Amino acid sequence: MIFWNLIHGCHQKSEGCAHCFVFARDEENGIDTNVVRKTASFYSPLERNRKGDWKIPSGSMLMTCFSSDFFIEEMDVWRNEAWQMMQMREDLTFYMITKRPERISICLPPYWEKIKARIFVGCTMENQQRADERLVHFKAAPLMHREIIVEPMLTPINFHGTLSGIEKITVGGETGRGARPCRYEWILDLRRQCQEAGVGFYFMQTGGNFYKDGKNYRLPRHLQLAQAAKANINLPSYSAD
């Protein structure tokens with residue numbers, strides 16, 4: 001996946017933002033993360049090399065807006081340009097994650113039907129409250145590809161059998177300093193819900209403060225991903241209803 005960080009800056013939206021790596025990194029560098037701005041990479045999908053070929057090769061998936069939220073209010077003045085680039089680069093697919101699913105429908109371009117098959121959207125739901133709030137908006141948006149991101153997973157979550165239209169759930173514990181606990185039984189119960197609904201499941205990482213079988217594991221970053229992979233509990237993704 002290629003990173004297309006067309007804007008930088010965000011506002012903390014909910015509990016999952018408390019230890020956001022973007023805010024932490026910006027603070028170390030004296031940057032006010034709450035100031036949302038265009039980056040030098042804004043037009044990178046349209047850049048060509050000396051031969052006239054696209055610098056971003058055909059067939060690539062672009063991780064879009066990873067240090068902000070594509071549907072944040074400040075992006076309203078630039079979003080049409082971004083959609084136009086996505087329309088022009090019909091040989092690319094785009095992946096974005098949001099905590100603002102209530103804004104998706106009002107932010108889509110008039111030619112959405114022509115490009116929606118190439119747009120993959122993940123919505124973060126880090127605890128039961130945010131799942132209850134956001135899932136209804138997320139499912140109401142006219143998306144072709146929907147993924148739920150339960151990361152960091154801060155509480156057990158019950159989707160009450162309402163996962164139709166979701167292709168995959170990605171789950172993981174919190175990383176970094178002050179990581180809040182994540183419990184393996186929460187992960188397994190979420191996997192059960194995915195299996196029953198025919199939804200893909202991806203256990204991305206344990207987090208740095210992980211509980212399993214009554215034991216607490218404080219894991220460095222490189223082991224968080226390795227231990228999740230070792231669990232071997234992922235489920236394949238299927239086409240959503």
# chains A, B, ... in the order shown; residues from 1 in each chain; ligands from 1
call {"tool": "select_by_dssp", "arguments": {"residues": "range 98-221 of chain A", "states": "alpha helix (DSSP H)", "output": "compact mmCIF listing (two decimals) with C-alpha atoms, in the first residue's frame"}}
result
# COMPACT_ATOMS: atom_id res chain seq x y z
CA TRP A 112 -19.87 8.84 -6.82
CA GLU A 113 -21.46 5.91 -8.65
CA LYS A 114 -18.59 5.94 -11.16
CA ILE A 115 -15.83 5.70 -8.57
CA GLN A 128 -19.49 -0.15 22.70
CA GLN A 129 -20.65 3.47 22.82
CA ARG A 130 -18.92 4.41 19.56
CA ALA A 131 -20.08 1.21 17.84
CA ASP A 132 -23.67 2.01 18.79
CA GLU A 133 -23.30 5.60 17.56
CA ARG A 134 -21.35 5.10 14.36
CA LEU A 135 -22.49 1.83 12.82
CA VAL A 136 -25.91 3.16 11.84
CA HIS A 137 -24.35 6.12 10.00
CA PHE A 138 -21.68 3.95 8.41
CA LYS A 139 -24.19 1.47 7.03
CA ALA A 140 -26.44 4.27 5.78
CA TYR A 184 -8.05 -11.74 24.35
CA GLU A 185 -11.58 -12.83 25.25
CA TRP A 186 -12.87 -9.58 23.70
CA ILE A 187 -10.97 -10.41 20.51
CA LEU A 188 -12.34 -13.96 20.38
CA ASP A 189 -15.91 -12.85 20.93
CA LEU A 190 -15.62 -10.35 18.09
CA ARG A 191 -14.24 -13.11 15.89
CA ARG A 192 -17.25 -15.26 16.78
CA GLN A 193 -19.60 -12.47 15.69
CA CYS A 194 -17.74 -12.13 12.38
CA GLN A 195 -17.82 -15.87 11.78
CA GLU A 196 -21.56 -16.03 12.43
CA ALA A 197 -22.18 -13.08 10.10
CA ARG A 221 5.77 -3.06 19.20
call {"tool": "residues_around", "arguments": {"residues": "Thr64 in chain A", "least_positions_apart": "2", "cutoff": "6 Å", "atoms": "only C-alpha atoms", "output": "number ranges by chain"}}
result
A: 4-5, 62, 66, 95-96
call {"tool": "atom_distance", "arguments": {"atom1": "CA of Leu219 in chain A", "atom2": "CA of Arg177 in chain A"}}
result
11.4 Å
call {"tool": "atom_distance", "arguments": {"atom1": "CA of Ala229 in chain A", "atom2": "CA of Gly172 in chain A"}}
result
11.3 Å
call {"tool": "closest_atom_pairs", "arguments": {"of": "range 35-76 of chain A", "to": "range 13-23 of chain A", "cutoff": "12 Å", "atoms": "only C-alpha atoms", "output": "Markdown table"}}
result
| residue | atom | partner | partner_atom | distance |
| --- | --- | --- | --- | --- |
| A:Val35 | CA | A:Phe23 | CA | 11.2 |
| A:Cys65 | CA | A:Val22 | CA | 11.9 |
| A:Phe66 | CA | A:Val22 | CA | 9.2 |
| A:Ser67 | CA | A:Val22 | CA | 6.2 |
| A:Ser68 | CA | A:Val22 | CA | 8.5 |
| A:Asp69 | CA | A:Lys13 | CA | 10.4 |
| A:Ile72 | CA | A:Lys13 | CA | 10.3 |
call {"tool": "residues_around", "arguments": {"residues": "Trp54 in chain A", "least_positions_apart": "2", "cutoff": "12 Å", "atoms": "only C-alpha atoms", "output": "list in words"}}
result
Tyr43, Ser44, Pro45, Leu46, Glu47, Arg48, Asn49, Arg50, Lys51, Gly52, Ile56, Pro57, Ser58, Gly59, Ser60, Met88, Arg89, Asp91 and Leu92 of chain A
call {"tool": "write_last_selection", "arguments": {"atoms": "N, CA and C atoms", "output": "PDB file, in the first residue's frame"}}
result
ATOM      1  N   TYR A  43      -1.050  16.623  -4.412  1.00  0.00           N
ATOM      2  CA  TYR A  43      -1.270  16.297  -5.820  1.00  0.00           C
ATOM      3  C   TYR A  43      -0.438  15.112  -6.307  1.00  0.00           C
ATOM      4  N   SER A  44       0.089  14.326  -5.392  1.00  0.00           N
ATOM      5  CA  SER A  44       0.997  13.247  -5.801  1.00  0.00           C
ATOM      6  C   SER A  44       0.379  12.217  -6.748  1.00  0.00           C
ATOM      7  N   PRO A  45      -0.933  11.931  -6.710  1.00  0.00           N
ATOM      8  CA  PRO A  45      -1.465  10.965  -7.687  1.00  0.00           C
ATOM      9  C   PRO A  45      -1.324  11.422  -9.140  1.00  0.00           C
ATOM     10  N   LEU A  46      -1.148  12.722  -9.348  1.00  0.00           N
ATOM     11  CA  LEU A  46      -1.063  13.246 -10.710  1.00  0.00           C
ATOM     12  C   LEU A  46       0.376  13.493 -11.160  1.00  0.00           C
ATOM     13  N   GLU A  47       1.340  13.194 -10.304  1.00  0.00           N
ATOM     14  CA  GLU A  47       2.740  13.440 -10.665  1.00  0.00           C
ATOM     15  C   GLU A  47       3.249  12.382 -11.642  1.00  0.00           C
ATOM     16  N   ARG A  48       4.062  12.853 -12.592  1.00  0.00           N
ATOM     17  CA  ARG A  48       4.649  11.970 -13.597  1.00  0.00           C
ATOM     18  C   ARG A  48       6.168  12.060 -13.545  1.00  0.00           C
ATOM     19  N   ASN A  49       6.824  11.020 -14.020  1.00  0.00           N
ATOM     20  CA  ASN A  49       8.287  11.043 -14.090  1.00  0.00           C
ATOM     21  C   ASN A  49       8.733  11.650 -15.419  1.00  0.00           C
ATOM     22  N   ARG A  50      10.025  11.644 -15.674  1.00  0.00           N
ATOM     23  CA  ARG A  50      10.554  12.283 -16.878  1.00  0.00           C
ATOM     24  C   ARG A  50      10.087  11.611 -18.156  1.00  0.00           C
ATOM     25  N   LYS A  51       9.706  10.362 -18.063  1.00  0.00           N
ATOM     26  CA  LYS A  51       9.209   9.636 -19.235  1.00  0.00           C
ATOM     27  C   LYS A  51       7.724   9.904 -19.488  1.00  0.00           C
ATOM     28  N   GLY A  52       7.107  10.626 -18.565  1.00  0.00           N
ATOM     29  CA  GLY A  52       5.688  10.900 -18.700  1.00  0.00           C
ATOM     30  C   GLY A  52       4.794   9.863 -18.074  1.00  0.00           C
ATOM     31  N   ILE A  56       3.057   7.148  -9.320  1.00  0.00           N
ATOM     32  CA  ILE A  56       2.344   6.101  -8.595  1.00  0.00           C
ATOM     33  C   ILE A  56       1.822   5.120  -9.630  1.00  0.00           C
ATOM     34  N   PRO A  57       2.332   3.903  -9.639  1.00  0.00           N
ATOM     35  CA  PRO A  57       2.011   2.962 -10.716  1.00  0.00           C
ATOM     36  C   PRO A  57       0.569   2.469 -10.685  1.00  0.00           C
ATOM     37  N   SER A  58       0.063   2.126 -11.852  1.00  0.00           N
ATOM     38  CA  SER A  58      -1.274   1.565 -11.985  1.00  0.00           C
ATOM     39  C   SER A  58      -1.417   0.315 -11.111  1.00  0.00           C
ATOM     40  N   GLY A  59      -2.596   0.129 -10.570  1.00  0.00           N
ATOM     41  CA  GLY A  59      -2.876  -1.035  -9.737  1.00  0.00           C
ATOM     42  C   GLY A  59      -2.580  -0.833  -8.269  1.00  0.00           C
ATOM     43  N   SER A  60      -2.053   0.330  -7.900  1.00  0.00           N
ATOM     44  CA  SER A  60      -1.714   0.583  -6.496  1.00  0.00           C
ATOM     45  C   SER A  60      -2.954   0.927  -5.679  1.00  0.00           C
ATOM     46  N   MET A  88      -9.872  10.777 -11.920  1.00  0.00           N
ATOM     47  CA  MET A  88      -8.915  10.783 -13.021  1.00  0.00           C
ATOM     48  C   MET A  88      -8.031   9.542 -12.997  1.00  0.00           C
ATOM     49  N   ARG A  89      -7.566   9.144 -11.806  1.00  0.00           N
ATOM     50  CA  ARG A  89      -6.711   7.965 -11.689  1.00  0.00           C
ATOM     51  C   ARG A  89      -7.586   6.727 -11.519  1.00  0.00           C
ATOM     52  N   ASP A  91      -7.155   3.950 -12.501  1.00  0.00           N
ATOM     53  CA  ASP A  91      -6.336   2.742 -12.386  1.00  0.00           C
ATOM     54  C   ASP A  91      -5.881   2.492 -10.951  1.00  0.00           C
ATOM     55  N   LEU A  92      -6.339   3.320  -9.993  1.00  0.00           N
ATOM     56  CA  LEU A  92      -5.934   3.190  -8.595  1.00  0.00           C
ATOM     57  C   LEU A  92      -7.145   2.905  -7.712  1.00  0.00           C
TER      58      LEU A  92
END
call {"tool": "residues_around", "arguments": {"residues": "range 223-227 of chain A", "least_positions_apart": "4", "cutoff": "6 Å", "atoms": "only C-alpha atoms", "output": "compact mmCIF listing (two decimals) with N, CA and C atoms, in the first residue's frame"}}
result
# COMPACT_ATOMS: atom_id res chain seq x y z
N GLN A 205 -3.00 -6.66 15.87
CA GLN A 205 -1.96 -6.58 16.89
C GLN A 205 -2.57 -6.71 18.28
N THR A 206 -1.76 -7.18 19.22
CA THR A 206 -2.23 -7.37 20.59
C THR A 206 -2.35 -6.06 21.35
N GLY A 207 -1.54 -5.07 20.95
CA GLY A 207 -1.38 -3.88 21.78
C GLY A 207 -0.29 -4.11 22.80
call {"tool": "decode", "arguments": {"residues": "range 45-181 of chain A", "atoms": "C-alpha atoms", "output": "short mmCIF file (atom, residue, chain, number, x, y, z; two decimals), in the first residue's frame"}}
result
data_model
loop_
_atom_site.label_atom_id
_atom_site.label_comp_id
_atom_site.auth_asym_id
_atom_site.auth_seq_id
_atom_site.Cartn_x
_atom_site.Cartn_y
_atom_site.Cartn_z
CA PRO A 45 -1.46 10.97 -7.69
CA LEU A 46 -1.06 13.25 -10.71
CA GLU A 47 2.74 13.44 -10.67
CA ARG A 48 4.65 11.97 -13.60
CA ASN A 49 8.29 11.04 -14.09
CA ARG A 50 10.55 12.28 -16.88
CA LYS A 51 9.21 9.64 -19.23
CA GLY A 52 5.69 10.90 -18.70
CA ASP A 53 4.61 7.84 -16.73
CA TRP A 54 2.69 8.08 -13.49
CA LYS A 55 4.98 8.11 -10.45
CA ILE A 56 2.34 6.10 -8.60
CA PRO A 57 2.01 2.96 -10.72
CA SER A 58 -1.27 1.56 -11.99
CA GLY A 59 -2.88 -1.03 -9.74
CA SER A 60 -1.71 0.58 -6.50
CA MET A 61 -3.89 1.06 -3.44
CA LEU A 62 -3.35 4.40 -1.69
CA MET A 63 -3.69 4.75 2.08
CA THR A 64 -5.42 8.11 1.99
CA CYS A 65 -5.18 10.79 4.66
CA PHE A 66 -3.49 8.68 7.35
CA SER A 67 -2.58 11.62 9.63
CA SER A 68 -6.02 13.21 9.46
CA ASP A 69 -9.61 12.26 8.57
CA PHE A 70 -10.76 12.61 4.96
CA PHE A 71 -14.23 13.62 6.19
CA ILE A 72 -13.10 16.26 8.70
CA GLU A 73 -14.81 19.63 8.28
CA GLU A 74 -11.67 21.52 7.25
CA MET A 75 -11.26 19.16 4.30
CA ASP A 76 -14.51 20.46 2.78
CA VAL A 77 -12.69 23.20 0.84
CA TRP A 78 -10.23 20.73 -0.75
CA ARG A 79 -12.22 17.52 -0.98
CA ASN A 80 -13.60 18.13 -4.48
CA GLU A 81 -10.04 18.36 -5.81
CA ALA A 82 -9.21 15.09 -4.11
CA TRP A 83 -12.29 13.33 -5.54
CA GLN A 84 -11.41 14.64 -9.00
CA MET A 85 -7.94 13.13 -8.75
CA MET A 86 -9.45 9.82 -7.67
CA GLN A 87 -11.78 9.97 -10.66
CA MET A 88 -8.91 10.78 -13.02
CA ARG A 89 -6.71 7.96 -11.69
CA GLU A 90 -9.21 5.24 -12.52
CA ASP A 91 -6.34 2.74 -12.39
CA LEU A 92 -5.93 3.19 -8.59
CA THR A 93 -7.89 2.22 -5.50
CA PHE A 94 -8.10 4.31 -2.34
CA TYR A 95 -8.41 3.33 1.32
CA MET A 96 -9.36 5.74 4.10
CA ILE A 97 -10.30 5.50 7.78
CA THR A 98 -12.76 7.83 9.51
CA LYS A 99 -14.27 8.53 12.90
CA ARG A 100 -16.89 10.75 11.23
CA PRO A 101 -19.29 8.40 9.38
CA GLU A 102 -22.15 10.85 9.87
CA ARG A 103 -20.42 13.14 7.34
CA ILE A 104 -19.72 10.58 4.60
CA SER A 105 -22.97 10.92 2.63
CA ILE A 106 -22.86 14.73 2.49
CA CYS A 107 -19.23 14.67 1.32
CA LEU A 108 -19.57 12.40 -1.72
CA PRO A 109 -19.17 13.82 -5.24
CA PRO A 110 -21.96 13.86 -7.87
CA TYR A 111 -20.12 11.17 -9.84
CA TRP A 112 -19.87 8.84 -6.82
CA GLU A 113 -21.46 5.91 -8.65
CA LYS A 114 -18.59 5.94 -11.16
CA ILE A 115 -15.83 5.70 -8.57
CA LYS A 116 -17.33 3.97 -5.53
CA ALA A 117 -16.04 0.53 -6.49
CA ARG A 118 -12.48 1.83 -6.01
CA ILE A 119 -13.04 3.51 -2.64
CA PHE A 120 -12.58 1.43 0.54
CA VAL A 121 -13.66 3.06 3.80
CA GLY A 122 -12.90 1.92 7.33
CA CYS A 123 -14.74 3.35 10.33
CA THR A 124 -13.20 3.26 13.79
CA MET A 125 -15.39 1.97 16.63
CA GLU A 126 -13.22 1.54 19.68
CA ASN A 127 -15.82 0.74 22.35
CA GLN A 128 -19.49 -0.15 22.70
CA GLN A 129 -20.65 3.47 22.82
CA ARG A 130 -18.92 4.41 19.56
CA ALA A 131 -20.08 1.21 17.84
CA ASP A 132 -23.67 2.01 18.79
CA GLU A 133 -23.30 5.60 17.56
CA ARG A 134 -21.35 5.10 14.36
CA LEU A 135 -22.49 1.83 12.82
CA VAL A 136 -25.91 3.16 11.84
CA HIS A 137 -24.35 6.12 10.00
CA PHE A 138 -21.68 3.95 8.41
CA LYS A 139 -24.19 1.47 7.03
CA ALA A 140 -26.44 4.27 5.78
CA ALA A 141 -23.68 5.76 3.61
CA PRO A 142 -23.83 4.53 -0.03
CA LEU A 143 -20.48 2.75 0.10
CA MET A 144 -19.52 -0.39 -1.77
CA HIS A 145 -16.66 -1.37 0.57
CA ARG A 146 -17.03 -1.02 4.35
CA GLU A 147 -14.59 -2.14 7.03
CA ILE A 148 -14.93 -1.67 10.78
CA ILE A 149 -11.73 -0.81 12.66
CA VAL A 150 -11.88 -1.84 16.32
CA GLU A 151 -8.52 -0.35 17.21
CA PRO A 152 -7.63 0.40 19.88
CA MET A 153 -10.15 -2.02 21.33
CA LEU A 154 -11.01 -0.50 24.70
CA THR A 155 -14.04 -2.57 25.75
CA PRO A 156 -15.88 -5.68 24.60
CA ILE A 157 -18.24 -4.86 21.72
CA ASN A 158 -21.47 -6.54 20.74
CA PHE A 159 -22.76 -5.69 17.26
CA HIS A 160 -26.04 -7.52 17.98
CA GLY A 161 -26.09 -9.27 14.62
CA THR A 162 -26.10 -6.03 12.60
CA LEU A 163 -22.99 -6.64 10.47
CA SER A 164 -24.71 -7.01 7.10
CA GLY A 165 -22.97 -4.84 4.51
CA ILE A 166 -19.61 -5.04 6.33
CA GLU A 167 -16.75 -6.79 4.53
CA LYS A 168 -14.23 -7.07 7.35
CA ILE A 169 -13.46 -6.13 10.93
CA THR A 170 -9.88 -5.31 11.89
CA VAL A 171 -9.11 -5.42 15.60
CA GLY A 172 -6.12 -4.59 17.77
CA GLY A 173 -5.02 -3.34 21.15
CA GLU A 174 -3.52 0.05 21.91
CA THR A 175 0.16 0.77 21.36
CA GLY A 176 2.53 3.39 22.72
CA ARG A 177 3.00 4.93 26.13
CA GLY A 178 0.10 4.48 28.52
CA ALA A 179 -1.51 1.76 26.42
CA ARG A 180 -4.88 0.79 27.86
CA PRO A 181 -5.66 -2.92 28.36
#
